[in-house]
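So this block is target00.cif, mmCIF, C-alpha atoms:
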```cif
data_run
#
loop_
_atom_site.group_PDB
_atom_site.id
_atom_site.type_symbol
_atom_site.label_atom_id
_atom_site.label_comp_id
_atom_site.auth_asym_id
_atom_site.auth_seq_id
_atom_site.Cartn_x
_atom_site.Cartn_y
_atom_site.Cartn_z
ATOM 1 C CA MET A 1 127.963 89.344 113.388
ATOM 2 C CA ARG A 2 124.697 88.656 111.584
ATOM 3 C CA ALA A 3 122.708 91.534 110.155
ATOM 4 C CA ALA A 4 119.401 91.980 108.347
ATOM 5 C CA VAL A 5 118.125 94.792 106.157
ATOM 6 C CA ILE A 6 114.348 95.159 105.924
ATOM 7 C CA GLN A 7 112.948 95.885 102.461
ATOM 8 C CA PHE A 8 109.657 97.663 101.894
ATOM 9 C CA PRO A 9 108.050 98.561 98.570
ATOM 10 C CA GLY A 10 109.758 101.867 97.805
ATOM 11 C CA SER A 11 112.933 101.285 99.820
ATOM 12 C CA ASN A 12 115.855 102.516 97.730
ATOM 13 C CA CYS A 13 118.850 102.601 100.078
ATOM 14 C CA ASP A 14 118.567 98.940 101.046
ATOM 15 C CA ARG A 15 121.480 97.747 98.919
ATOM 16 C CA ASP A 16 123.761 100.592 100.024
ATOM 17 C CA MET A 17 122.986 99.649 103.613
ATOM 18 C CA ALA A 18 123.656 95.956 102.920
ATOM 19 C CA VAL A 19 127.016 96.795 101.291
ATOM 20 C CA ALA A 20 128.019 98.893 104.300
ATOM 21 C CA LEU A 21 126.991 96.136 106.721
ATOM 22 C CA GLU A 22 128.691 93.430 104.672
ATOM 23 C CA LYS A 23 131.968 95.327 104.942
ATOM 24 C CA VAL A 24 131.977 94.833 108.694
ATOM 25 C CA ALA A 25 129.984 91.588 108.968
ATOM 26 C CA GLY A 26 131.608 89.709 106.109
ATOM 27 C CA GLN A 27 130.028 88.354 102.990
ATOM 28 C CA GLY A 28 127.023 86.103 103.480
ATOM 29 C CA ASN A 29 126.225 87.545 106.884
ATOM 30 C CA VAL A 30 123.658 90.118 105.752
ATOM 31 C CA SER A 31 120.124 88.945 104.965
ATOM 32 C CA MET A 32 117.540 90.927 103.075
ATOM 33 C CA VAL A 33 114.130 90.530 104.736
ATOM 34 C CA TRP A 34 110.883 91.337 102.907
ATOM 35 C CA HIS A 35 108.327 93.387 104.834
ATOM 36 C CA LYS A 36 105.667 90.665 104.595
ATOM 37 C CA ASP A 37 107.800 88.161 106.494
ATOM 38 C CA ALA A 38 106.408 87.792 109.983
ATOM 39 C CA SER A 39 109.641 86.436 111.422
ATOM 40 C CA LEU A 40 113.337 87.273 111.255
ATOM 41 C CA PRO A 41 116.303 85.011 110.461
ATOM 42 C CA ASP A 42 117.730 83.205 113.512
ATOM 43 C CA GLY A 43 120.760 84.531 115.353
ATOM 44 C CA LEU A 44 120.483 88.159 114.256
ATOM 45 C CA ASP A 45 122.622 90.784 116.001
ATOM 46 C CA VAL A 46 121.511 93.933 114.226
ATOM 47 C CA ILE A 47 118.671 95.115 111.977
ATOM 48 C CA GLY A 48 118.884 98.053 109.589
ATOM 49 C CA ILE A 49 115.827 99.923 108.305
ATOM 50 C CA PRO A 50 116.849 101.606 105.049
ATOM 51 C CA GLY A 51 115.991 104.894 103.447
ATOM 52 C CA GLY A 52 113.631 105.384 100.553
ATOM 53 C CA PHE A 53 109.974 106.133 100.087
ATOM 54 C CA SER A 54 108.272 103.130 101.645
ATOM 55 C CA PHE A 55 104.696 102.799 100.394
ATOM 56 C CA GLY A 56 105.121 106.004 98.417
ATOM 57 C CA ASP A 57 105.165 108.059 101.649
ATOM 58 C CA TYR A 58 101.371 107.685 101.610
ATOM 59 C CA LEU A 59 99.397 108.860 104.657
ATOM 60 C CA ARG A 60 102.569 109.911 106.572
ATOM 61 C CA CYS A 61 106.180 109.009 105.856
ATOM 62 C CA GLY A 62 106.870 105.600 107.380
ATOM 63 C CA ALA A 63 103.328 105.176 108.739
ATOM 64 C CA ILE A 64 102.301 102.206 106.619
ATOM 65 C CA ALA A 65 105.716 100.507 106.767
ATOM 66 C CA ALA A 66 105.639 100.775 110.574
ATOM 67 C CA ARG A 67 102.460 98.628 110.587
ATOM 68 C CA SER A 68 103.727 95.960 108.184
ATOM 69 C CA PRO A 69 104.029 92.350 109.452
ATOM 70 C CA VAL A 70 107.815 92.325 109.859
ATOM 71 C CA MET A 71 107.785 95.347 112.162
ATOM 72 C CA ASN A 72 106.170 93.378 115.006
ATOM 73 C CA ALA A 73 109.212 91.111 114.911
ATOM 74 C CA VAL A 74 111.564 94.118 114.738
ATOM 75 C CA VAL A 75 109.879 95.730 117.770
ATOM 76 C CA ASP A 76 110.160 92.428 119.697
ATOM 77 C CA PHE A 77 113.825 92.171 118.713
ATOM 78 C CA ALA A 78 114.488 95.722 119.927
ATOM 79 C CA ASN A 79 112.572 95.161 123.164
ATOM 80 C CA LYS A 80 114.808 92.178 123.870
ATOM 81 C CA GLY A 81 117.862 94.427 123.589
ATOM 82 C CA GLY A 82 118.706 93.891 119.908
ATOM 83 C CA TYR A 83 120.490 96.587 117.891
ATOM 84 C CA VAL A 84 118.257 98.388 115.387
ATOM 85 C CA PHE A 85 119.057 101.446 113.309
ATOM 86 C CA GLY A 86 117.007 103.396 110.804
ATOM 87 C CA LEU A 87 118.423 105.887 108.323
ATOM 88 C CA CYS A 88 116.278 108.555 106.668
ATOM 89 C CA ASN A 89 112.960 106.843 105.866
ATOM 90 C CA GLY A 90 114.150 104.197 108.340
ATOM 91 C CA PHE A 91 114.154 106.856 111.086
ATOM 92 C CA GLN A 92 110.626 107.877 110.086
ATOM 93 C CA ILE A 93 109.539 104.223 110.295
ATOM 94 C CA LEU A 94 111.120 103.772 113.748
ATOM 95 C CA ALA A 95 109.398 106.936 114.996
ATOM 96 C CA GLU A 96 106.043 105.762 113.596
ATOM 97 C CA SER A 97 106.522 102.329 115.168
ATOM 98 C CA GLY A 98 107.036 103.906 118.588
ATOM 99 C CA LEU A 99 110.576 102.547 119.032
ATOM 100 C CA LEU A 100 111.843 106.131 119.038
ATOM 101 C CA PRO A 101 109.962 109.181 120.364
ATOM 102 C CA GLY A 102 108.845 112.198 118.347
ATOM 103 C CA VAL A 103 107.939 112.677 114.697
ATOM 104 C CA LEU A 104 109.594 113.802 111.463
ATOM 105 C CA MET A 105 107.547 116.608 109.960
ATOM 106 C CA ARG A 106 107.714 118.374 106.606
ATOM 107 C CA ASN A 107 110.932 120.422 106.266
ATOM 108 C CA SER A 108 110.327 123.967 107.470
ATOM 109 C CA GLY A 109 111.277 125.341 104.038
ATOM 110 C CA LEU A 110 108.817 122.869 102.408
ATOM 111 C CA LYS A 111 111.510 121.721 100.012
ATOM 112 C CA TYR A 112 113.129 118.367 99.452
ATOM 113 C CA ILE A 113 116.796 118.828 100.379
ATOM 114 C CA CYS A 114 119.607 116.758 98.901
ATOM 115 C CA LYS A 115 123.091 117.867 99.919
ATOM 116 C CA THR A 116 126.000 117.094 102.200
ATOM 117 C CA VAL A 117 125.733 118.649 105.646
ATOM 118 C CA GLU A 118 127.943 118.819 108.702
ATOM 119 C CA LEU A 119 126.928 116.972 111.835
ATOM 120 C CA THR A 120 128.358 117.075 115.323
ATOM 121 C CA VAL A 121 128.650 113.836 117.244
ATOM 122 C CA GLU A 122 126.777 114.520 120.488
ATOM 123 C CA THR A 123 127.514 111.326 122.382
ATOM 124 C CA THR A 124 129.907 108.422 122.077
ATOM 125 C CA ASP A 125 127.812 106.346 124.462
ATOM 126 C CA SER A 126 126.283 104.045 121.828
ATOM 127 C CA ALA A 127 127.552 101.325 119.510
ATOM 128 C CA PHE A 128 126.834 103.516 116.491
ATOM 129 C CA THR A 129 128.811 106.515 117.711
ATOM 130 C CA SER A 130 131.481 104.842 119.875
ATOM 131 C CA LEU A 131 134.299 105.243 117.322
ATOM 132 C CA TYR A 132 133.764 108.967 116.829
ATOM 133 C CA SER A 133 134.848 111.528 119.363
ATOM 134 C CA LYS A 134 132.371 113.721 121.189
ATOM 135 C CA GLY A 135 131.963 117.054 119.470
ATOM 136 C CA GLU A 136 133.632 115.830 116.283
ATOM 137 C CA VAL A 137 132.210 117.303 113.075
ATOM 138 C CA ILE A 138 131.515 114.832 110.259
ATOM 139 C CA GLN A 139 130.207 115.206 106.719
ATOM 140 C CA THR A 140 127.086 113.245 105.789
ATOM 141 C CA PRO A 141 124.613 113.540 102.936
ATOM 142 C CA ILE A 142 120.949 114.202 103.577
ATOM 143 C CA ALA A 143 118.142 113.604 101.092
ATOM 144 C CA HIS A 144 114.702 114.137 102.543
ATOM 145 C CA HIS A 145 111.491 116.136 102.497
ATOM 146 C CA GLU A 146 110.323 115.231 106.013
ATOM 147 C CA GLY A 147 113.265 115.528 108.390
ATOM 148 C CA ASN A 148 112.002 118.245 110.670
ATOM 149 C CA TYR A 149 112.295 116.493 114.028
ATOM 150 C CA SER A 150 109.604 117.488 116.509
ATOM 151 C CA ALA A 151 108.788 116.289 119.993
ATOM 152 C CA ASP A 152 107.052 117.695 123.054
ATOM 153 C CA PRO A 153 109.181 119.630 125.573
ATOM 154 C CA GLU A 154 109.255 116.748 128.098
ATOM 155 C CA THR A 155 110.566 114.343 125.460
ATOM 156 C CA LEU A 156 113.251 116.812 124.383
ATOM 157 C CA LYS A 157 114.276 117.305 127.989
ATOM 158 C CA ARG A 158 114.527 113.540 128.481
ATOM 159 C CA LEU A 159 116.571 113.106 125.282
ATOM 160 C CA HIS A 160 119.028 115.766 126.410
ATOM 161 C CA GLY A 161 119.137 114.654 130.038
ATOM 162 C CA ASP A 162 119.683 110.974 129.233
ATOM 163 C CA ASP A 163 122.376 111.657 126.626
ATOM 164 C CA ARG A 164 120.175 110.228 123.869
ATOM 165 C CA ILE A 165 120.952 112.756 121.130
ATOM 166 C CA ALA A 166 123.382 111.061 118.775
ATOM 167 C CA PHE A 167 123.914 113.731 116.110
ATOM 168 C CA LYS A 168 123.039 117.388 115.637
ATOM 169 C CA TYR A 169 123.206 119.547 112.523
ATOM 170 C CA VAL A 170 125.824 122.285 112.545
ATOM 171 C CA ASP A 171 123.524 124.398 110.354
ATOM 172 C CA THR A 172 120.000 122.946 110.560
ATOM 173 C CA PRO A 173 118.576 122.606 107.062
ATOM 174 C CA ASN A 174 115.050 121.406 107.887
ATOM 175 C CA GLY A 175 113.823 123.181 111.019
ATOM 176 C CA ALA A 176 114.487 120.234 113.340
ATOM 177 C CA MET A 177 113.985 121.090 117.017
ATOM 178 C CA ASP A 178 117.258 121.657 118.872
ATOM 179 C CA ASP A 179 119.096 120.879 115.576
ATOM 180 C CA ILE A 180 118.469 117.170 116.152
ATOM 181 C CA ALA A 181 119.640 114.897 113.309
ATOM 182 C CA GLY A 182 119.639 111.558 115.140
ATOM 183 C CA ILE A 183 118.454 110.108 118.447
ATOM 184 C CA LEU A 184 118.811 106.963 120.546
ATOM 185 C CA SER A 185 116.395 104.786 122.500
ATOM 186 C CA ALA A 186 116.579 104.624 126.301
ATOM 187 C CA ASN A 187 118.886 101.571 126.146
ATOM 188 C CA LYS A 188 120.989 103.290 123.408
ATOM 189 C CA ARG A 189 120.582 100.262 121.119
ATOM 190 C CA VAL A 190 118.046 101.759 118.733
ATOM 191 C CA LEU A 191 119.173 104.706 116.640
ATOM 192 C CA GLY A 192 117.339 106.793 114.071
ATOM 193 C CA MET A 193 118.905 109.545 111.974
ATOM 194 C CA MET A 194 117.947 111.459 108.854
ATOM 195 C CA PRO A 195 121.460 111.679 107.292
ATOM 196 C CA HIS A 196 122.982 108.786 105.351
ATOM 197 C CA PRO A 197 126.262 107.388 106.780
ATOM 198 C CA GLU A 198 125.930 104.401 104.411
ATOM 199 C CA ARG A 199 126.532 106.768 101.499
ATOM 200 C CA LEU A 200 129.964 107.779 102.770
ATOM 201 C CA ASN A 201 131.379 104.370 103.255
ATOM 202 C CA ASP A 202 134.096 104.199 100.627
ATOM 203 C CA PRO A 203 136.580 106.742 99.250
ATOM 204 C CA GLU A 204 135.066 106.156 95.820
ATOM 205 C CA LEU A 205 131.719 107.390 97.108
ATOM 206 C CA GLY A 206 133.329 110.693 98.031
ATOM 207 C CA GLY A 207 134.147 110.169 101.678
ATOM 208 C CA THR A 208 134.504 107.773 104.561
ATOM 209 C CA ASP A 209 132.939 109.585 107.512
ATOM 210 C CA GLY A 210 130.246 106.891 107.633
ATOM 211 C CA VAL A 211 132.653 103.971 108.002
ATOM 212 C CA ARG A 212 133.034 104.261 111.768
ATOM 213 C CA PHE A 213 129.253 104.129 112.209
ATOM 214 C CA PHE A 214 129.238 100.554 110.910
ATOM 215 C CA GLU A 215 132.553 99.568 112.489
ATOM 216 C CA GLY A 216 131.170 100.754 115.816
ATOM 217 C CA ILE A 217 128.269 98.310 115.551
ATOM 218 C CA ALA A 218 130.637 95.441 114.767
ATOM 219 C CA ASN A 219 132.916 96.440 117.657
ATOM 220 C CA ALA A 220 130.071 96.473 120.157
ATOM 221 C CA LEU A 221 129.046 92.986 119.077
ATOM 222 C CA VAL A 222 132.550 91.570 119.367
ATOM 223 C CA SER A 223 133.072 92.993 122.833
ATOM 224 C CA ALA A 224 129.566 92.010 124.008
ATOM 225 C CA MET B 1 77.784 103.038 106.152
ATOM 226 C CA LYS B 2 80.244 105.799 105.393
ATOM 227 C CA ALA B 3 82.543 107.597 107.746
ATOM 228 C CA ARG B 4 84.598 110.713 107.337
ATOM 229 C CA VAL B 5 87.723 111.276 109.388
ATOM 230 C CA HIS B 6 89.274 114.690 109.840
ATOM 231 C CA VAL B 7 92.923 114.683 110.843
ATOM 232 C CA THR B 8 94.355 118.002 111.972
ATOM 233 C CA LEU B 9 97.568 119.129 113.594
ATOM 234 C CA LYS B 10 97.348 119.760 117.310
ATOM 235 C CA ASN B 11 97.444 123.326 118.542
ATOM 236 C CA GLY B 12 100.982 124.536 118.951
ATOM 237 C CA VAL B 13 102.411 122.167 116.348
ATOM 238 C CA LEU B 14 104.104 124.221 113.675
ATOM 239 C CA ASP B 15 102.404 123.795 110.286
ATOM 240 C CA PRO B 16 104.790 124.943 107.537
ATOM 241 C CA GLN B 17 102.298 124.002 104.799
ATOM 242 C CA GLY B 18 99.560 126.068 106.428
ATOM 243 C CA ALA B 19 101.976 128.971 106.788
ATOM 244 C CA ALA B 20 102.874 128.758 103.084
ATOM 245 C CA VAL B 21 99.192 128.740 102.111
ATOM 246 C CA ALA B 22 98.533 131.761 104.356
ATOM 247 C CA HIS B 23 101.447 133.572 102.753
ATOM 248 C CA SER B 24 100.173 132.790 99.255
ATOM 249 C CA LEU B 25 96.657 133.980 100.123
ATOM 250 C CA GLY B 26 98.162 137.243 101.334
ATOM 251 C CA ALA B 27 100.078 137.596 98.070
ATOM 252 C CA LEU B 28 96.795 137.168 96.171
ATOM 253 C CA GLY B 29 95.327 140.094 98.057
ATOM 254 C CA PHE B 30 93.192 138.157 100.556
ATOM 255 C CA ASP B 31 93.801 140.271 103.604
ATOM 256 C CA GLY B 32 92.758 139.371 107.106
ATOM 257 C CA VAL B 33 93.693 135.669 107.059
ATOM 258 C CA ASN B 34 95.160 135.369 110.522
ATOM 259 C CA ASP B 35 96.225 131.755 110.329
ATOM 260 C CA VAL B 36 95.887 128.663 108.126
ATOM 261 C CA ARG B 37 96.091 125.093 109.340
ATOM 262 C CA GLN B 38 96.140 122.287 106.786
ATOM 263 C CA GLY B 39 94.774 118.817 107.535
ATOM 264 C CA LYS B 40 93.453 115.676 105.868
ATOM 265 C CA VAL B 41 90.041 114.234 105.164
ATOM 266 C CA ILE B 42 89.787 110.455 104.879
ATOM 267 C CA GLU B 43 86.524 108.850 103.730
ATOM 268 C CA LEU B 44 85.789 105.245 104.592
ATOM 269 C CA ASP B 45 83.116 102.934 103.213
ATOM 270 C CA LEU B 46 82.302 100.444 105.975
ATOM 271 C CA ALA B 47 80.435 97.129 106.010
ATOM 272 C CA GLU B 48 79.250 97.899 109.559
ATOM 273 C CA THR B 49 75.613 98.995 109.843
ATOM 274 C CA ASP B 50 75.519 99.938 113.532
ATOM 275 C CA LYS B 51 76.466 103.564 114.067
ATOM 276 C CA ALA B 52 78.039 103.179 117.511
ATOM 277 C CA ALA B 53 80.046 100.141 116.436
ATOM 278 C CA ALA B 54 81.224 101.968 113.319
ATOM 279 C CA GLU B 55 82.283 104.957 115.380
ATOM 280 C CA ALA B 56 84.239 102.765 117.784
ATOM 281 C CA ALA B 57 85.917 100.887 114.932
ATOM 282 C CA VAL B 58 86.974 104.076 113.146
ATOM 283 C CA ALA B 59 88.341 105.538 116.379
ATOM 284 C CA GLN B 60 90.515 102.411 116.675
ATOM 285 C CA MET B 61 91.677 102.884 113.075
ATOM 286 C CA CYS B 62 92.628 106.471 113.868
ATOM 287 C CA GLU B 63 94.596 105.465 116.958
ATOM 288 C CA LYS B 64 96.434 102.672 115.148
ATOM 289 C CA LEU B 65 97.098 104.177 111.723
ATOM 290 C CA LEU B 66 95.125 107.110 110.369
ATOM 291 C CA ALA B 67 96.470 109.726 112.783
ATOM 292 C CA ASN B 68 99.787 110.119 114.541
ATOM 293 C CA THR B 69 98.480 111.173 117.922
ATOM 294 C CA VAL B 70 101.834 112.631 118.895
ATOM 295 C CA ILE B 71 101.083 115.633 116.686
ATOM 296 C CA GLU B 72 97.587 115.104 115.252
ATOM 297 C CA ASN B 73 93.988 115.206 116.475
ATOM 298 C CA TYR B 74 91.218 113.345 114.722
ATOM 299 C CA SER B 75 87.454 113.528 114.626
ATOM 300 C CA VAL B 76 85.057 110.930 113.225
ATOM 301 C CA GLU B 77 81.824 111.725 111.450
ATOM 302 C CA ILE B 78 79.415 108.915 110.557
ATOM 303 C CA LEU B 79 77.527 109.872 107.383
#
```
How does the structure come out when it is put into structure tokens?
Amino acid sequence: MRAAVIQFPGSNCDRDMAVALEKVAGQGNVSMVWHKDASLPDGLDVIGIPGGFSFGDYLRCGAIAARSPVMNAVVDFANKGGYVFGLCNGFQILAESGLLPGVLMRNSGLKYICKTVELTVETTDSAFTSLYSKGEVIQTPIAHHEGNYSADPETLKRLHGDDRIAFKYVDTPNGAMDDIAGILSANKRVLGMMPHPERLNDPELGGTDGVRFFEGIANALVSA
Amino acid sequence: MKARVHVTLKNGVLDPQGAAVAHSLGALGFDGVNDVRQGKVIELDLAETDKAAAEAAVAQMCEKLLANTVIENYSVEIL
């Protein structure tokens, strides 16, 4: 398994994501890719878009990162069936790039929220969620100001109908429509979520509920 | 040539910032504010000298970057 983590100016979860990926991919199999690179390393299986405050959250969160040179290559990779996931700011970037539908708006309470929340796993029909059980409740930290997921009614209907909602909040902290915390693309190979599974990837970090997220990706690649 | 772009939330899109401003105005004693919607103004200084061409170029900029047309409307004013 070969993975890449995209780095933008203002990314700050890139190393956490690389550590989590390295655990399942093995050392030396995770490349860090700078946003100005127009191409990706050869033989990639999965790309992670990390959390942070890319470009200072200027204009709209993720808007400028989504138009940076590397994102054309990421969109091509996804369109060819590659695995791509974005966590927190990474989700905002994927939504702005059009790989995932909808937008992440300012939290309904207007406050930045940093705490651990409970999520329910809504589907196991994706690499990222395959090792959880449907309906299982997991603990994951959130840390965001713009996580209020919004989409038009047709999009929401499609997400529900096509089993593309990956995670929901048990107690929605940010006003997200239908309690949505994470969604999948139509082919279930692109995932965006506001919570941070990479931060619960080792008992010393306070929990391990995020481990299966990364193991699931590795599993899907082995069996593919 | 200068252009001014107004970016506003579409009707029906919840605007928590606008709601907070409306609430604060009420607390200050400004009665009768039915609703507040907050948006952005972006001013551009363009090399283009032809008005129609400038308008078309700025509309492209709005579609590609300045507005997220999923939730936002934009209008372009050439100054």
Per residue of chain A within 7 Å of chain B, note the shortest atom pair and the distance in Å to one decimal, counting only C-alpha atoms, and order the rows by chain and increasing residue number, as JSON lines.
```
{"residue": "A:Ala63", "atom": "CA", "partner": "B:Leu65", "partner_atom": "CA", "distance": 7.0}
{"residue": "A:Ser108", "atom": "CA", "partner": "B:Pro16", "partner_atom": "CA", "distance": 5.6}
{"residue": "A:Leu110", "atom": "CA", "partner": "B:Pro16", "partner_atom": "CA", "distance": 6.8}
```
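Considering only C-alpha atoms, the residue among B:Val7, B:Ile78, B:Ala53, B:Met61 positioned nearest to Val41 (chain B) is B:Val7.
The residues returned by the PyMOL selection byres ((chain A and resi 64-74) around 8) for this structure are A:Phe8, A:Trp34, A:His35, A:Lys36, A:Asp37, A:Ala38, A:Ser39, A:Leu40, A:Ile47, A:Ser54, A:Phe55, A:Tyr58, A:Leu59, A:Arg60, A:Cys61, A:Gly62, A:Ala63, A:Val75, A:Asp76, A:Phe77, A:Ala78, A:Val84, A:Ile93, A:Leu94, A:Glu96, A:Ser97, B:Leu65.
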Expected selection from the PyMOL selection byres ((chain B and resi 3) around 7), given as a ChimeraX atom specification: /B:1-2,4-5,43-45,76-79
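Here CA of Thr116 (chain A) and CA of Asp152 (chain A) stand 28.2 Å from one another.
Of the listed residues A:Ile217, A:Val211, A:Ile142, A:Ala166, the one whose atoms come nearest to Pro195 (chain A) is A:Ile142, with distances taken using all atoms listed in the file.
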